[in-house]
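**Q** Contents of run-v7.tsv (TSV, C-alpha atoms and all ligand atoms):
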```tsv
chain	number	residue	atom	x	y	z
O	38	MET	CA	0.00	0.00	0.00
O	39	HIS	CA	1.46	3.29	-1.08
O	40	PRO	CA	-1.40	5.74	-0.65
O	41	SER	CA	0.81	8.74	-0.12
O	42	GLU	CA	3.81	8.46	-2.40
O	43	PRO	CA	5.00	11.98	-3.15
O	44	ALA	CA	3.42	13.36	-6.31
O	45	LEU	CA	5.27	15.35	-8.93
O	46	ARG	CA	6.20	18.73	-7.52
O	47	GLY	CA	4.73	21.91	-8.88
O	48	SER	CA	6.46	25.27	-8.93
O	49	GLY	CA	4.53	26.79	-6.02
O	50	ASP	CA	3.70	29.74	-8.28
O	51	THR	CA	-0.04	29.07	-8.16
O	52	PRO	CA	-2.43	27.74	-5.49
O	53	THR	CA	-2.08	24.00	-4.90
O	54	SER	CA	-4.21	21.96	-7.27
O	55	PRO	CA	-7.36	20.47	-5.65
O	56	SER	CA	-6.66	17.34	-7.71
O	57	LEU	CA	-4.02	16.48	-5.10
O	58	LEU	CA	-6.61	16.34	-2.33
O	59	ALA	CA	-7.07	12.61	-2.91
O	60	ASN	CA	-3.56	12.29	-1.45
O	61	PRO	CA	-3.82	14.80	1.39
O	62	LEU	CA	-0.20	14.55	2.54
O	63	ASP	CA	0.94	15.31	-1.01
O	64	PHE	CA	-1.41	18.28	-1.02
O	65	ILE	CA	0.04	19.57	2.27
O	66	SER	CA	3.57	19.01	0.98
O	67	GLU	CA	2.71	20.98	-2.16
O	68	ASP	CA	1.15	23.71	-0.01
O	69	HIS	CA	4.53	23.99	1.74
O	70	LEU	CA	6.23	24.51	-1.60
O	71	ARG	CA	3.68	27.23	-2.25
O	72	GLU	CA	4.40	28.80	1.17
O	73	ARG	CA	8.12	28.75	0.41
O	74	GLN	CA	7.51	30.44	-2.91
O	75	ILE	CA	5.37	33.13	-1.25
O	76	CYS	CA	8.12	33.66	1.35
O	77	ALA	CA	10.51	34.42	-1.52
O	78	VAL	CA	8.01	36.97	-2.87
O	79	ILE	CA	7.70	38.47	0.64
O	80	ASP	CA	11.51	38.70	0.86
O	81	GLY	CA	11.45	40.58	-2.44
O	82	LEU	CA	8.90	43.05	-1.05
O	83	ALA	CA	10.96	43.41	2.13
O	84	THR	CA	14.20	44.29	0.37
O	85	VAL	CA	13.04	46.81	-2.25
O	86	ASP	CA	11.93	50.36	-1.51
O	87	ALA	CA	9.36	50.76	-4.27
O	88	LEU	CA	6.23	48.68	-3.86
O	89	ASP	CA	5.84	45.93	-6.45
O	90	ARG	CA	2.05	45.90	-6.81
O	91	ARG	CA	1.91	42.51	-8.47
O	92	SER	CA	3.90	40.86	-5.68
O	93	ALA	CA	1.94	42.65	-2.96
O	94	THR	CA	-1.34	41.52	-4.53
O	95	ALA	CA	-0.10	37.93	-4.82
O	96	VAL	CA	0.95	37.84	-1.15
O	97	LEU	CA	-2.29	39.44	0.03
O	98	ARG	CA	-4.32	36.96	-1.96
O	99	PHE	CA	-2.32	34.06	-0.51
O	100	LEU	CA	-2.80	35.35	3.03
O	101	ASN	CA	-6.53	35.83	2.51
O	102	GLU	CA	-7.37	32.73	0.54
O	103	GLU	CA	-4.83	30.00	1.17
O	104	LEU	CA	-2.83	30.29	4.38
O	105	ASN	CA	-5.68	30.13	6.84
O	106	VAL	CA	-7.15	27.02	5.24
O	107	HIS	CA	-3.76	25.33	5.23
O	108	LEU	CA	-3.21	26.08	8.91
O	109	ARG	CA	-6.67	24.72	9.72
O	110	ASP	CA	-5.88	21.52	7.78
O	111	GLU	CA	-2.96	21.03	10.12
O	112	ALA	CA	-4.36	22.28	13.43
O	113	GLU	CA	-7.78	20.64	13.12
O	114	ASP	CA	-6.88	17.41	11.35
O	115	LEU	CA	-3.21	16.58	10.77
O	116	PHE	CA	-1.88	17.39	14.25
O	117	PRO	CA	-4.67	15.54	16.12
O	118	LEU	CA	-4.30	12.50	13.84
O	119	LEU	CA	-0.54	12.47	14.44
O	120	ALA	CA	-1.01	12.81	18.19
O	121	ARG	CA	-3.38	9.82	18.11
O	122	ARG	CA	-1.28	7.54	15.90
O	123	CYS	CA	2.29	8.29	16.87
O	124	LEU	CA	4.34	6.18	19.22
O	125	PRO	CA	6.10	7.65	22.26
O	126	GLU	CA	9.51	7.34	20.53
O	127	ASP	CA	8.27	9.65	17.76
O	128	ALA	CA	8.28	12.47	20.36
O	129	ILE	CA	5.61	14.11	18.26
O	130	GLU	CA	3.97	16.22	20.99
O	131	GLY	CA	7.07	18.36	21.45
O	132	ALA	CA	7.56	18.79	17.71
O	133	ILE	CA	3.93	19.83	17.24
O	134	ALA	CA	4.17	22.28	20.16
O	135	ARG	CA	7.24	23.96	18.64
O	136	ILE	CA	5.64	24.16	15.21
O	137	LYS	CA	2.42	25.58	16.67
O	138	ALA	CA	4.39	28.23	18.56
O	139	ASP	CA	5.98	29.37	15.29
O	140	GLN	CA	2.64	29.31	13.50
O	141	ASP	CA	1.15	31.42	16.31
O	142	GLU	CA	3.96	33.95	15.95
O	143	ALA	CA	3.30	34.20	12.21
O	144	MET	CA	-0.45	34.47	12.82
O	145	ARG	CA	0.02	37.27	15.32
O	146	LEU	CA	1.65	39.34	12.59
O	147	LEU	CA	-1.04	38.50	10.04
O	148	PRO	CA	-3.58	41.32	10.70
O	149	GLU	CA	-0.82	43.92	10.59
O	150	LEU	CA	0.59	42.40	7.44
O	151	ARG	CA	-2.76	42.37	5.68
O	152	ALA	CA	-3.49	45.97	6.69
O	153	MET	CA	-0.04	47.09	5.53
O	154	LEU	CA	-0.26	45.48	2.12
O	155	ALA	CA	-3.88	46.51	1.51
O	156	GLY	CA	-3.08	50.06	2.66
O	157	CYS	CA	-0.07	50.36	0.34
O	158	LEU	CA	-2.01	48.98	-2.61
O	159	ASP	CA	-4.84	51.45	-1.93
O	160	SER	CA	-2.71	54.51	-1.39
O	161	GLU	CA	0.08	53.65	-3.85
O	162	VAL	CA	2.56	54.48	-1.08
O	163	SER	CA	5.67	52.35	-0.56
O	164	LEU	CA	6.20	50.25	2.54
O	165	THR	CA	8.22	51.84	5.32
O	166	ALA	CA	11.43	50.22	6.58
O	167	GLU	CA	9.53	49.21	9.72
O	168	GLU	CA	6.79	47.57	7.68
O	169	ARG	CA	9.33	45.75	5.59
O	170	ALA	CA	10.91	44.40	8.79
O	171	VAL	CA	7.51	42.96	9.75
O	172	LEU	CA	7.38	41.21	6.38
O	173	SER	CA	10.80	39.66	6.99
O	174	ARG	CA	9.82	38.50	10.48
O	175	PHE	CA	6.67	36.90	9.15
O	176	ALA	CA	8.53	35.09	6.36
O	177	ALA	CA	11.11	33.81	8.84
O	178	HIS	CA	8.45	32.29	11.10
O	179	VAL	CA	6.62	30.72	8.19
O	180	ARG	CA	9.84	29.27	6.79
O	181	ARG	CA	10.94	27.88	10.12
O	182	HIS	CA	7.74	26.01	10.81
O	183	LEU	CA	7.36	24.66	7.32
O	184	VAL	CA	10.91	23.32	7.37
O	185	ALA	CA	10.09	21.47	10.61
O	186	GLU	CA	6.82	20.22	9.17
O	187	ASN	CA	8.54	18.86	6.06
O	188	ALA	CA	11.44	17.34	7.97
O	189	ILE	CA	9.56	15.89	10.94
O	190	LEU	CA	5.78	15.82	10.64
O	191	LEU	CA	5.19	14.73	7.07
O	192	PRO	CA	7.62	11.78	7.10
O	193	ILE	CA	6.08	10.55	10.38
O	194	ALA	CA	2.58	11.09	9.00
O	195	ARG	CA	3.45	9.03	5.93
O	196	ALA	CA	4.65	6.24	8.19
O	197	ARG	CA	1.96	6.29	10.86
O	198	LEU	CA	-1.37	7.47	9.46
O	199	THR	CA	-3.68	4.68	8.39
O	200	ARG	CA	-5.56	4.54	5.13
O	201	ALA	CA	-8.72	5.48	7.02
O	202	ASP	CA	-6.92	8.47	8.59
O	203	LEU	CA	-5.85	9.67	5.14
O	204	ARG	CA	-9.39	9.31	3.88
O	205	THR	CA	-10.72	11.35	6.81
O	206	LEU	CA	-8.01	13.97	6.28
O	207	SER	CA	-8.85	14.18	2.58
O	208	LYS	CA	-12.58	14.44	3.28
O	209	HIS	CA	-12.15	17.23	5.83
O	210	MET	CA	-9.76	19.15	3.58
O	211	ARG	CA	-12.27	18.94	0.74
O	212	MET	CA	-15.10	20.09	3.00
O	213	ARG	CA	-12.98	23.01	4.19
O	214	ARG	CA	-12.66	24.10	0.54
O	215	GLY	CA	-16.34	23.67	-0.20
O	216	LEU	CA	-15.72	20.57	-2.34
O	217	PRO	CA	-17.95	17.49	-2.18
O	218	ASP	CA	-16.64	14.32	-0.61
O	219	LEU	CA	-15.11	11.92	-3.10
O	220	LEU	CA	-16.88	8.60	-2.85
O	221	GLU	CA	-14.14	7.02	-4.83
O	222	THR	CA	-14.57	3.50	-6.06
O	223	THR	CA	-10.78	3.37	-6.32
O	224	ASP	CA	-10.63	3.78	-2.56
O	225	ALA	CA	-11.47	0.17	-1.82
O	226	GLU	CA	-9.12	-1.53	0.60
V	1	FE	FE	2.14	23.62	7.03
```
Could you render the structure from this file as structure tokens?
**A**
Amino acid sequence: MHPSEPALRGSGDTPTSPSLLANPLDFISEDHLRERQICAVIDGLATVDALDRRSATAVLRFLNEELNVHLRDEAEDLFPLLARRCLPEDAIEGAIARIKADQDEAMRLLPELRAMLAGCLDSEVSLTAEERAVLSRFAAHVRRHLVAENAILLPIARARLTRADLRTLSKHMRMRRGLPDLLETTDAE
């Protein structure tokens, strides 16, 4: 049984394809590539004086439409499933706690970040040095937790989650995106 072999990687330039939702860990892995790509765009905004409207719009759209759903996939489904399935030697509780702390730090900056980007796009004014420092801090927190998720959580999830767990994860991720449940005939044991 290889229900969650890594799929072909995309570029992270566009939102993760819903077609990957049948393999939810592949979807999450692809979402991390997307996050990494957005972090690079944020770094670009943070290092240049003049506001790049296209980049600012792309980041704002990601923050509004993709990041929150991704974090809910993890907090509401992936982390609890891991906590239930993992063995004591996986030491998963500590890893999840550290990742959540970093996610919380990033989330705390989110309202400010949104307001900054929306404000600059509205007023056509460039970001201040202080605002650009907030962008850098946010990108650093996002990068740090996604590195830990890729290195620790996803490999353990691939090893420990059952086929039924993956089905539940896929179903909840689809529901979260307003997509109907896949009653796949290919899903037979
Ligand atoms: Fe993540």
**Q** How close does each residue of chain O get to ligand FE 1 (chain V), giving the shortest atom pair and distance in Å to one decimal for every residue with an atom at most 8 Å away, counting all atoms listed in the file, sorted by chain and residue number, as a tab-separated table?
**A**
```
residue	atom	partner	partner_atom	distance
O:Ile65	CA	V:FE1	FE	6.6
O:Ser66	CA	V:FE1	FE	7.7
O:Asp68	CA	V:FE1	FE	7.1
O:His69	CA	V:FE1	FE	5.8
O:His107	CA	V:FE1	FE	6.4
O:Leu108	CA	V:FE1	FE	6.2
O:Glu111	CA	V:FE1	FE	6.5
O:His182	CA	V:FE1	FE	7.2
O:Leu183	CA	V:FE1	FE	5.3
O:Glu186	CA	V:FE1	FE	6.2
```
**Q** Which polymer residues have any atom within 12 Å of an atom of Gly156 in chain O, counting all atoms listed in the file, with same-chain residues fewer than 4 positions away left out, as a list in words?
**A**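 Listed by chain and then number, they are Leu88, Arg90, Ala93, Thr94, Leu97, Pro148, Glu149, Leu150, Arg151, Ala152, Ser160, Glu161, Val162, Ser163, Leu164, Thr165 and Glu168 of chain O.
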**Q** Pick out the residues sitting within 12 Å of Ala176 in chain O, and hand them over as a list of chain:residue names; count only C-alpha atoms, and ignore anything fewer than 5 positions along from it in its own chain.
**A**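 Selected residues are O:Glu72, O:Arg73, O:Gln74, O:Ile75, O:Cys76, O:Ala77, O:Val78, O:Ile79, O:Asp80, O:Gly81, O:Leu82, O:Ala83, O:Val96, O:Leu100, O:Asp139, O:Gln140, O:Glu142, O:Ala143, O:Met144, O:Leu146, O:Leu147, O:Leu150, O:Arg169, O:Ala170, O:Val171, O:Arg181, O:His182, O:Leu183.
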**Q** Enter the distance from CA of Pro217 in chain O to CA of Phe64 in chain O, in Å, rounded to one decimal.
**A**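 A separation of 16.6 Å between them.
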**Q** Separation of CA of Ile136 in chain O and CA of Leu216 in chain O, in Å?
**A**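 That distance, rounded to one decimal, is 27.9 Å.
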**Q** Name the closest residue to Leu104 in chain O among the candidates O:Leu118, O:Leu154, O:Val179, O:Ala132; distances are taken between atoms, counting all atoms listed in the file.
**A** O:Val179
**Q** Restricting the calculation to all atoms listed in the file: of O:Asn101, O:Asn60, O:Ser173, O:Thr84, which residue gets closest to Arg204 in chain O?
**A**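 Nearest to Arg204 in chain O: O:Asn60.
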**Q** Under the rule that all atoms listed in the file are counted, which of O:Ala185, O:Ala95, O:Ala166, O:Leu190 is the nearest residue to Ile129 in chain O?
**A**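 Result for the nearest residue to Ile129 in chain O: O:Leu190.
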**Q** What is the distance between CA of Phe99 in chain O and CA of Arg71 in chain O, in Å to one decimal?
**A**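 We find that CA of Phe99 in chain O and CA of Arg71 in chain O lie 9.3 Å from each other.
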**Q** Show me, as a list in words, the residues that have an atom within 10 Å of Arg214 in chain O when counting only C-alpha atoms, minus same-chain residues fewer than 2 positions from it.
**A**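 Counting only the stated atoms, we get Pro55, Glu103, Val106, His209, Met210, Arg211, Met212, Leu216 and Pro217 of chain O.
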**Q** Produce a file of the selected residues containing C-alpha atoms, as a PDB file, in the coordinates of the input.
**A**
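Here's the written file selection15.pdb:
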```pdb
ATOM      1  CA  PRO O  55      -7.360  20.470  -5.650  1.00  0.00           C
ATOM      2  CA  GLU O 103      -4.830  30.000   1.170  1.00  0.00           C
ATOM      3  CA  VAL O 106      -7.150  27.020   5.240  1.00  0.00           C
ATOM      4  CA  HIS O 209     -12.150  17.230   5.830  1.00  0.00           C
ATOM      5  CA  MET O 210      -9.760  19.150   3.580  1.00  0.00           C
ATOM      6  CA  ARG O 211     -12.270  18.940   0.740  1.00  0.00           C
ATOM      7  CA  MET O 212     -15.100  20.090   3.000  1.00  0.00           C
ATOM      8  CA  LEU O 216     -15.720  20.570  -2.340  1.00  0.00           C
ATOM      9  CA  PRO O 217     -17.950  17.490  -2.180  1.00  0.00           C
TER      10      PRO O 217
END
```
**Q** Using all atoms listed in the file, which residues sit within 8 Å of range 191-194 of chain O once same-chain residues fewer than 6 positions away are excluded, as an MDAnalysis selection string?
**A** chainID O and resid 62 66 119 123 127
**Q** Restrict the selected residues to C-alpha atoms and save them as a CSV table (one decimal), in the coordinates of the input.
**A**
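This went into result_0.csv:
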```csv
chain,number,residue,atom,x,y,z
O,62,LEU,CA,-0.2,14.6,2.5
O,66,SER,CA,3.6,19.0,1.0
O,119,LEU,CA,-0.5,12.5,14.4
O,123,CYS,CA,2.3,8.3,16.9
O,127,ASP,CA,8.3,9.6,17.8
```
**Q** Of the candidates O:Leu172, O:Asp89, O:Asn187, O:Gly131, which one gets nearest to Glu67 in chain O if we count all atoms listed in the file?
**A** O:Asn187
